[in-house]
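work-v2.json (JSON, C-alpha atoms) appears below.
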```json
[["chain", "number", "residue", "atom", "x", "y", "z"],
["H", 1, "MET", "CA", 59.11, -42.15, 161.82],
["H", 2, "PRO", "CA", 60.28, -38.58, 162.59],
["H", 3, "THR", "CA", 58.10, -35.81, 161.21],
["H", 4, "ALA", "CA", 59.35, -33.34, 158.60],
["H", 5, "PRO", "CA", 61.61, -30.70, 160.21],
["H", 6, "SER", "CA", 59.88, -27.49, 161.32],
["H", 7, "TRP", "CA", 60.85, -24.37, 163.30],
["H", 8, "LEU", "CA", 59.96, -24.38, 166.98],
["H", 9, "PRO", "CA", 60.25, -21.67, 169.69],
["H", 10, "LEU", "CA", 62.75, -22.92, 172.24],
["H", 11, "PHE", "CA", 62.87, -22.40, 176.01],
["H", 12, "PRO", "CA", 66.30, -23.54, 177.31],
["H", 13, "LEU", "CA", 66.00, -24.43, 181.01],
["H", 14, "LYS", "CA", 67.97, -26.08, 183.78],
["H", 15, "THR", "CA", 65.55, -28.98, 183.79],
["H", 16, "VAL", "CA", 64.70, -32.00, 181.65],
["H", 17, "LEU", "CA", 61.10, -32.51, 180.56],
["H", 18, "PHE", "CA", 59.92, -36.02, 179.69],
["H", 19, "PRO", "CA", 56.91, -37.04, 177.60],
["H", 20, "GLY", "CA", 53.84, -37.08, 179.82],
["H", 21, "GLY", "CA", 55.58, -35.09, 182.55],
["H", 22, "VAL", "CA", 54.25, -31.93, 184.18],
["H", 23, "LEU", "CA", 56.40, -28.80, 184.23],
["H", 24, "ALA", "CA", 55.34, -25.67, 186.12],
["H", 25, "LEU", "CA", 57.00, -22.49, 184.87],
["H", 26, "LYS", "CA", 57.21, -18.90, 186.11],
["H", 27, "VAL", "CA", 57.65, -16.66, 183.07],
["H", 28, "PHE", "CA", 58.68, -13.03, 183.49],
["H", 29, "GLU", "CA", 61.17, -12.14, 180.74],
["H", 30, "THR", "CA", 59.47, -10.14, 177.98],
["H", 31, "ARG", "CA", 60.81, -12.40, 175.20],
["H", 32, "TYR", "CA", 59.34, -15.52, 176.81],
["H", 33, "MET", "CA", 56.06, -13.79, 177.67],
["H", 34, "ASP", "CA", 55.78, -12.97, 173.95],
["H", 35, "MET", "CA", 56.66, -16.56, 173.04],
["H", 36, "VAL", "CA", 54.01, -17.96, 175.38],
["H", 37, "ARG", "CA", 51.34, -15.58, 174.08],
["H", 38, "GLU", "CA", 52.06, -16.64, 170.51],
["H", 39, "CYS", "CA", 51.88, -20.32, 171.46],
["H", 40, "MET", "CA", 48.55, -19.81, 173.23],
["H", 41, "GLN", "CA", 47.19, -17.77, 170.34],
["H", 42, "HIS", "CA", 47.99, -20.52, 167.83],
["H", 43, "ASN", "CA", 47.47, -23.43, 170.26],
["H", 44, "THR", "CA", 50.98, -24.71, 169.61],
["H", 45, "PRO", "CA", 53.68, -26.06, 171.94],
["H", 46, "PHE", "CA", 57.16, -24.70, 172.56],
["H", 47, "GLY", "CA", 60.30, -26.74, 173.04],
["H", 48, "VAL", "CA", 62.04, -27.31, 176.37],
["H", 49, "ALA", "CA", 65.70, -28.30, 176.23],
["H", 50, "LEU", "CA", 68.30, -28.63, 178.96],
["H", 51, "ILE", "CA", 70.88, -25.85, 179.00],
["H", 52, "LYS", "CA", 74.30, -27.15, 177.97],
["H", 53, "SER", "CA", 76.00, -23.81, 178.64],
["H", 54, "GLY", "CA", 74.73, -20.39, 179.66],
["H", 55, "GLN", "CA", 71.89, -19.24, 181.91],
["H", 56, "GLU", "CA", 68.09, -19.19, 181.85],
["H", 57, "VAL", "CA", 68.03, -15.39, 181.79],
["H", 58, "GLY", "CA", 70.02, -12.94, 179.66],
["H", 59, "ALA", "CA", 71.83, -14.01, 176.51],
["H", 60, "PRO", "CA", 70.47, -17.07, 174.68],
["H", 61, "ALA", "CA", 71.79, -20.28, 176.25],
["H", 62, "GLU", "CA", 73.21, -23.22, 174.32],
["H", 63, "PRO", "CA", 70.77, -26.16, 174.58],
["H", 64, "GLU", "CA", 71.28, -29.89, 174.39],
["H", 65, "ASN", "CA", 70.35, -31.44, 171.04],
["H", 66, "VAL", "CA", 67.37, -33.45, 172.31],
["H", 67, "GLY", "CA", 64.40, -31.86, 174.08],
["H", 68, "CYS", "CA", 60.68, -32.30, 174.61],
["H", 69, "LEU", "CA", 57.61, -30.41, 173.42],
["H", 70, "ALA", "CA", 55.77, -28.50, 176.17],
["H", 71, "HIS", "CA", 52.02, -28.10, 175.74],
["H", 72, "ILE", "CA", 50.41, -25.33, 177.79],
["H", 73, "ILE", "CA", 47.50, -26.82, 179.73],
["H", 74, "ASN", "CA", 46.85, -24.01, 182.21],
["H", 75, "TRP", "CA", 48.06, -20.50, 182.96],
["H", 76, "ASP", "CA", 47.55, -17.62, 185.36],
["H", 77, "MET", "CA", 48.90, -14.09, 185.77],
["H", 78, "PRO", "CA", 48.84, -13.40, 189.53],
["H", 79, "THR", "CA", 50.70, -10.11, 189.11],
["H", 80, "LEU", "CA", 51.35, -7.89, 186.12],
["H", 81, "GLY", "CA", 54.38, -9.11, 184.18],
["H", 82, "VAL", "CA", 54.50, -12.58, 185.73],
["H", 83, "MET", "CA", 52.84, -15.58, 184.09],
["H", 84, "MET", "CA", 52.49, -18.95, 185.81],
["H", 85, "LEU", "CA", 52.25, -21.89, 183.43],
["H", 86, "ARG", "CA", 51.41, -25.54, 183.84],
["H", 87, "THR", "CA", 52.71, -27.50, 180.87],
["H", 88, "GLN", "CA", 52.80, -31.16, 179.92],
["H", 89, "GLY", "CA", 55.48, -32.95, 177.94],
["H", 90, "GLY", "CA", 54.64, -34.19, 174.44],
["H", 91, "GLU", "CA", 56.95, -35.76, 171.89],
["H", 92, "ARG", "CA", 60.72, -35.61, 172.06],
["H", 93, "PHE", "CA", 62.54, -33.73, 169.34],
["H", 94, "ARG", "CA", 66.03, -33.44, 167.92],
["H", 95, "ILE", "CA", 67.52, -30.03, 167.08],
["H", 96, "LEU", "CA", 68.93, -29.77, 163.56],
["H", 97, "GLU", "CA", 69.63, -26.04, 163.42],
["H", 98, "LYS", "CA", 69.23, -22.96, 165.66],
["H", 99, "ARG", "CA", 68.72, -19.26, 165.13],
["H", 100, "VAL", "CA", 68.47, -16.24, 167.46],
["H", 101, "LEU", "CA", 65.68, -13.74, 166.77],
["H", 102, "SER", "CA", 66.01, -9.98, 167.15],
["H", 103, "ASP", "CA", 64.51, -10.08, 170.67],
["H", 104, "ASN", "CA", 67.04, -12.75, 171.79],
["H", 105, "ARG", "CA", 64.51, -15.55, 171.54],
["H", 106, "LEU", "CA", 65.85, -18.87, 170.36],
["H", 107, "GLU", "CA", 64.21, -20.93, 167.64],
["H", 108, "ALA", "CA", 65.25, -24.36, 166.44],
["H", 109, "LEU", "CA", 64.64, -26.40, 163.33],
["H", 110, "VAL", "CA", 63.60, -29.72, 164.81],
["H", 111, "GLU", "CA", 62.40, -33.15, 163.85],
["H", 112, "THR", "CA", 60.19, -34.98, 166.32],
["H", 113, "ILE", "CA", 61.37, -38.39, 167.52],
["H", 114, "ALA", "CA", 58.95, -41.28, 167.14],
["H", 115, "PRO", "CA", 57.16, -41.84, 170.47],
["H", 116, "ASP", "CA", 58.11, -44.85, 172.58],
["H", 117, "LYS", "CA", 55.80, -47.77, 171.90],
["H", 118, "GLU", "CA", 53.29, -48.53, 174.63],
["H", 119, "VAL", "CA", 54.69, -51.60, 176.35],
["H", 120, "PRO", "CA", 53.23, -53.26, 179.46],
["H", 121, "VAL", "CA", 55.42, -53.39, 182.56],
["H", 122, "ASN", "CA", 57.03, -56.82, 182.50],
["H", 123, "SER", "CA", 57.41, -59.13, 185.49],
["H", 124, "MET", "CA", 60.99, -57.97, 186.10],
["H", 125, "HIS", "CA", 59.91, -54.35, 186.55],
["H", 126, "VAL", "CA", 56.68, -54.76, 188.53],
["H", 127, "ALA", "CA", 58.51, -53.66, 191.69],
["H", 128, "CYS", "CA", 59.49, -50.41, 189.92],
["H", 129, "ALA", "CA", 55.84, -49.66, 189.19],
["H", 130, "LYS", "CA", 54.61, -50.55, 192.68],
["H", 131, "THR", "CA", 57.30, -48.47, 194.37],
["H", 132, "LEU", "CA", 56.61, -45.55, 192.04],
["H", 133, "LYS", "CA", 52.97, -45.54, 193.13],
["H", 134, "ILE", "CA", 54.04, -45.37, 196.77],
["H", 135, "VAL", "CA", 56.43, -42.49, 196.03],
["H", 136, "ILE", "CA", 53.88, -40.52, 193.99],
["H", 137, "ASP", "CA", 51.17, -41.02, 196.63],
["H", 138, "ASP", "CA", 53.59, -39.77, 199.30],
["H", 139, "ILE", "CA", 54.64, -36.70, 197.28],
["H", 140, "GLU", "CA", 51.02, -35.79, 196.56],
["H", 141, "ALA", "CA", 49.96, -36.29, 200.19],
["H", 142, "LYS", "CA", 52.70, -33.99, 201.46],
["H", 143, "ARG", "CA", 51.90, -31.29, 198.88],
["H", 144, "ARG", "CA", 48.20, -31.54, 199.69],
["H", 145, "VAL", "CA", 48.98, -30.83, 203.36],
["H", 146, "GLU", "CA", 51.32, -27.95, 202.43],
["H", 147, "LEU", "CA", 49.07, -26.28, 199.87],
["H", 148, "GLY", "CA", 45.54, -27.15, 200.96],
["H", 149, "ASP", "CA", 42.99, -25.83, 198.46],
["H", 150, "ALA", "CA", 45.83, -24.59, 196.22],
["H", 151, "PHE", "CA", 47.05, -28.17, 195.71],
["H", 152, "ASP", "CA", 47.81, -29.13, 192.14],
["H", 153, "SER", "CA", 49.48, -32.48, 191.53],
["H", 154, "PRO", "CA", 53.00, -32.37, 190.05],
["H", 155, "PHE", "CA", 51.99, -35.43, 188.02],
["H", 156, "ALA", "CA", 49.55, -35.80, 185.15],
["H", 157, "HIS", "CA", 46.52, -37.98, 185.75],
["H", 158, "PRO", "CA", 45.29, -40.61, 185.23],
["H", 159, "ALA", "CA", 48.43, -42.45, 186.29],
["H", 160, "GLN", "CA", 49.56, -45.35, 184.10],
["H", 161, "PHE", "CA", 51.42, -47.72, 186.39],
["H", 162, "ASP", "CA", 50.95, -50.60, 183.93],
["H", 163, "ASP", "CA", 52.73, -48.74, 181.10],
["H", 164, "ALA", "CA", 56.52, -49.21, 181.01],
["H", 165, "THR", "CA", 57.05, -45.89, 179.20],
["H", 166, "TRP", "CA", 55.04, -43.90, 181.73],
["H", 167, "VAL", "CA", 56.73, -45.62, 184.70],
["H", 168, "ALA", "CA", 60.21, -45.10, 183.26],
["H", 169, "ASN", "CA", 59.63, -41.43, 182.49],
["H", 170, "ARG", "CA", 58.20, -40.62, 185.93],
["H", 171, "TRP", "CA", 61.16, -42.28, 187.66],
["H", 172, "CYS", "CA", 63.56, -40.38, 185.41],
["H", 173, "GLU", "CA", 61.94, -37.12, 186.57],
["H", 174, "ILE", "CA", 62.13, -37.77, 190.32],
["H", 175, "LEU", "CA", 65.34, -39.72, 190.84],
["H", 176, "PRO", "CA", 68.04, -37.64, 192.61],
["H", 177, "ILE", "CA", 70.49, -37.78, 189.72],
["H", 178, "PRO", "CA", 72.53, -35.10, 187.90],
["H", 179, "LEU", "CA", 70.83, -33.22, 185.08],
["H", 180, "LYS", "CA", 73.31, -34.63, 182.58],
["H", 181, "ALA", "CA", 72.32, -38.17, 183.58],
["H", 182, "ARG", "CA", 68.64, -37.24, 183.27],
["H", 183, "GLN", "CA", 69.35, -35.88, 179.79],
["H", 184, "ARG", "CA", 71.07, -39.10, 178.73],
["H", 185, "LEU", "CA", 68.00, -41.04, 179.86],
["H", 186, "LEU", "CA", 65.77, -38.77, 177.77],
["H", 187, "GLU", "CA", 67.95, -39.47, 174.74],
["H", 188, "LEU", "CA", 67.70, -43.27, 175.02],
["H", 189, "GLY", "CA", 65.89, -44.82, 172.10],
["H", 190, "ASP", "CA", 63.28, -46.85, 173.96],
["H", 191, "ALA", "CA", 61.47, -46.95, 177.29],
["H", 192, "GLN", "CA", 62.55, -50.48, 178.17],
["H", 193, "SER", "CA", 66.20, -49.40, 178.16],
["H", 194, "ARG", "CA", 65.26, -46.42, 180.34],
["H", 195, "LEU", "CA", 63.33, -48.61, 182.76],
["H", 196, "SER", "CA", 66.14, -51.19, 182.95],
["H", 197, "ILE", "CA", 68.59, -48.48, 184.03],
["H", 198, "VAL", "CA", 66.08, -47.17, 186.58],
["H", 199, "HIS", "CA", 65.56, -50.71, 187.91],
["H", 200, "GLN", "CA", 69.30, -51.16, 188.35],
["H", 201, "TYR", "CA", 69.56, -47.79, 190.16],
["H", 202, "LEU", "CA", 66.71, -48.67, 192.53],
["H", 203, "GLN", "CA", 68.29, -52.04, 193.32],
["H", 204, "GLN", "CA", 71.74, -50.52, 193.92],
["H", 205, "HIS", "CA", 70.24, -48.01, 196.36],
["H", 206, "ALA", "CA", 68.12, -50.68, 198.11],
["H", 207, "ILE", "CA", 64.88, -48.93, 197.14],
["H", 208, "ILE", "CA", 63.39, -52.12, 195.73]]
```

Exercise: express the given structure as structure tokens:
Amino acid sequence: MPTAPSWLPLFPLKTVLFPGGVLALKVFETRYMDMVRECMQHNTPFGVALIKSGQEVGAPAEPENVGCLAHIINWDMPTLGVMMLRTQGGERFRILEKRVLSDNRLEALVETIAPDKEVPVNSMHVACAKTLKIVIDDIEAKRRVELGDAFDSPFAHPAQFDDATWVANRWCEILPIPLKARQRLLELGDAQSRLSIVHQYLQQHAII
């Protein structure tokens, strides 16, 4: 069941974060630096939501109604005034109300959405899982060559190729589809529906 509504600092972005996904962020605006410091101080997440209208910088953007919690798992400040974050997606949430703070930060009253149940990959979707492993291995190998000792996987480990939710969410992150379509996939009620749509896409494009 959804948790009781609570206020959450919001980071509207031109990206869609899925539960279990990794999101690297470069933070430089003062308002978001302050937000990140507060989250680290209290060991709390912030919310990432796709921008419906507006921009990432400047005036507060209008976010979509469903987003995902972002937990800070690593950070660095290579130069003064620039913070590099590595975050990981937690639970999805639904925005009930929004407010703009005096420093132009956006907060939202949210209720978290019950996590997808852990469901094994069924026989119909085994090819999705096997192909995903090939794709992830290829992406990681190329980044390892590019970055050398600075390599950091764009995926959380350990991988869970036998979990339908994990497989569906990773495909939703990497498929070359419009952001609006990615958002609609995030909003779907269960992972099996998400994975069925992914399976159909992969078949239509002769990927599996």

Can you write out as CSV which residues of range 112-168 of chain H fall within 7 Å of range 22-37 of chain H, alongside each residue's closest atom pair and its distance in Å to one decimal, counting all atoms listed in the file and ordering rows by chain and ascending residue number?
```
residue,atom,partner,partner_atom,distance
H:Pro154,CA,H:Val22,CA,6.0
H:Phe155,CA,H:Val22,CA,5.7
H:Ala156,CA,H:Val22,CA,6.2
```

Residues near Ser102 in chain H, cut-off 12 Å, all atoms listed in the file, skip fewer than 4 positions along chain, as a PDB file with C-alpha atoms, in the frame of the given file:
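Saved file out11.pdb follows:
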```pdb
ATOM      1  CA  ARG H  31      60.810 -12.400 175.200  1.00  0.00           C
ATOM      2  CA  ALA H  59      71.830 -14.010 176.510  1.00  0.00           C
ATOM      3  CA  PRO H  60      70.470 -17.070 174.680  1.00  0.00           C
ATOM      4  CA  LEU H 106      65.850 -18.870 170.360  1.00  0.00           C
ATOM      5  CA  GLU H 107      64.210 -20.930 167.640  1.00  0.00           C
TER       6      GLU H 107
END
```

Need to verify the contact set: Ala181 in chain H, 12 Å, all atoms listed in the file, exclusion of same-chain residues closer than 2 positions in sequence. Can you return it as a ChimeraX atom specification?
/H:15-16,50,172-173,175-179,183-188,194,197-198,201

Rounded to one decimal, what separation in Å do you get between CA of Asn74 in chain H and CA of His157 in chain H?
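Interatomic distance here is 14.4 Å.
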
Of the listed residues H:Asp116, H:Val66, H:Arg105, H:Gly21, that which approaches Gln88 in chain H most closely, counting only C-alpha atoms:
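When distances to Gln88 in chain H are compared using only C-alpha atoms, the smallest one comes from H:Gly21.
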
Rounded to one decimal, what separation in Å do you get between CA of Val145 in chain H and CA of Ile72 in chain H?
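Distance between the two atoms: 26.2 Å.
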
Calculate how many Å separate CA of Glu97 in chain H from CA of Cys39 in chain H, rounding to one decimal.
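Spanning CA of Glu97 in chain H to CA of Cys39 in chain H is a straight-line distance of 20.3 Å.
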
Under the rule that only C-alpha atoms are counted, which of H:Lys117, H:His125, H:Lys180, H:Arg94 is the nearest residue to Ser53 in chain H?
H:Lys180

Mind listing whatever residues come within 10 Å of the point (54.7, -35.7, 170.8)? Use all atoms listed in the file, file coordinates, and give them as a list in words.
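In the file's frame, the residues around the point are Pro19, Gly20, Pro45, Cys68, Leu69, Ala70, His71, Gly89, Gly90, Glu91, Arg92, Phe93, Thr112, Ile113, Ala114, Pro115 and Asp116 of chain H.
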
Close residues, range 136-143 of chain H itself excluded, 8 Å, only C-alpha atoms, min 4 positions apart in chain, as a PDB file with C-alpha atoms, in the frame of the given file:
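Final file, around-v7.pdb:
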```
ATOM      1  CA  LEU H 132      56.610 -45.550 192.040  1.00  0.00           C
ATOM      2  CA  LEU H 147      49.070 -26.280 199.870  1.00  0.00           C
ATOM      3  CA  GLY H 148      45.540 -27.150 200.960  1.00  0.00           C
ATOM      4  CA  PHE H 151      47.050 -28.170 195.710  1.00  0.00           C
ATOM      5  CA  SER H 153      49.480 -32.480 191.530  1.00  0.00           C
ATOM      6  CA  PRO H 154      53.000 -32.370 190.050  1.00  0.00           C
TER       7      PRO H 154
END
```
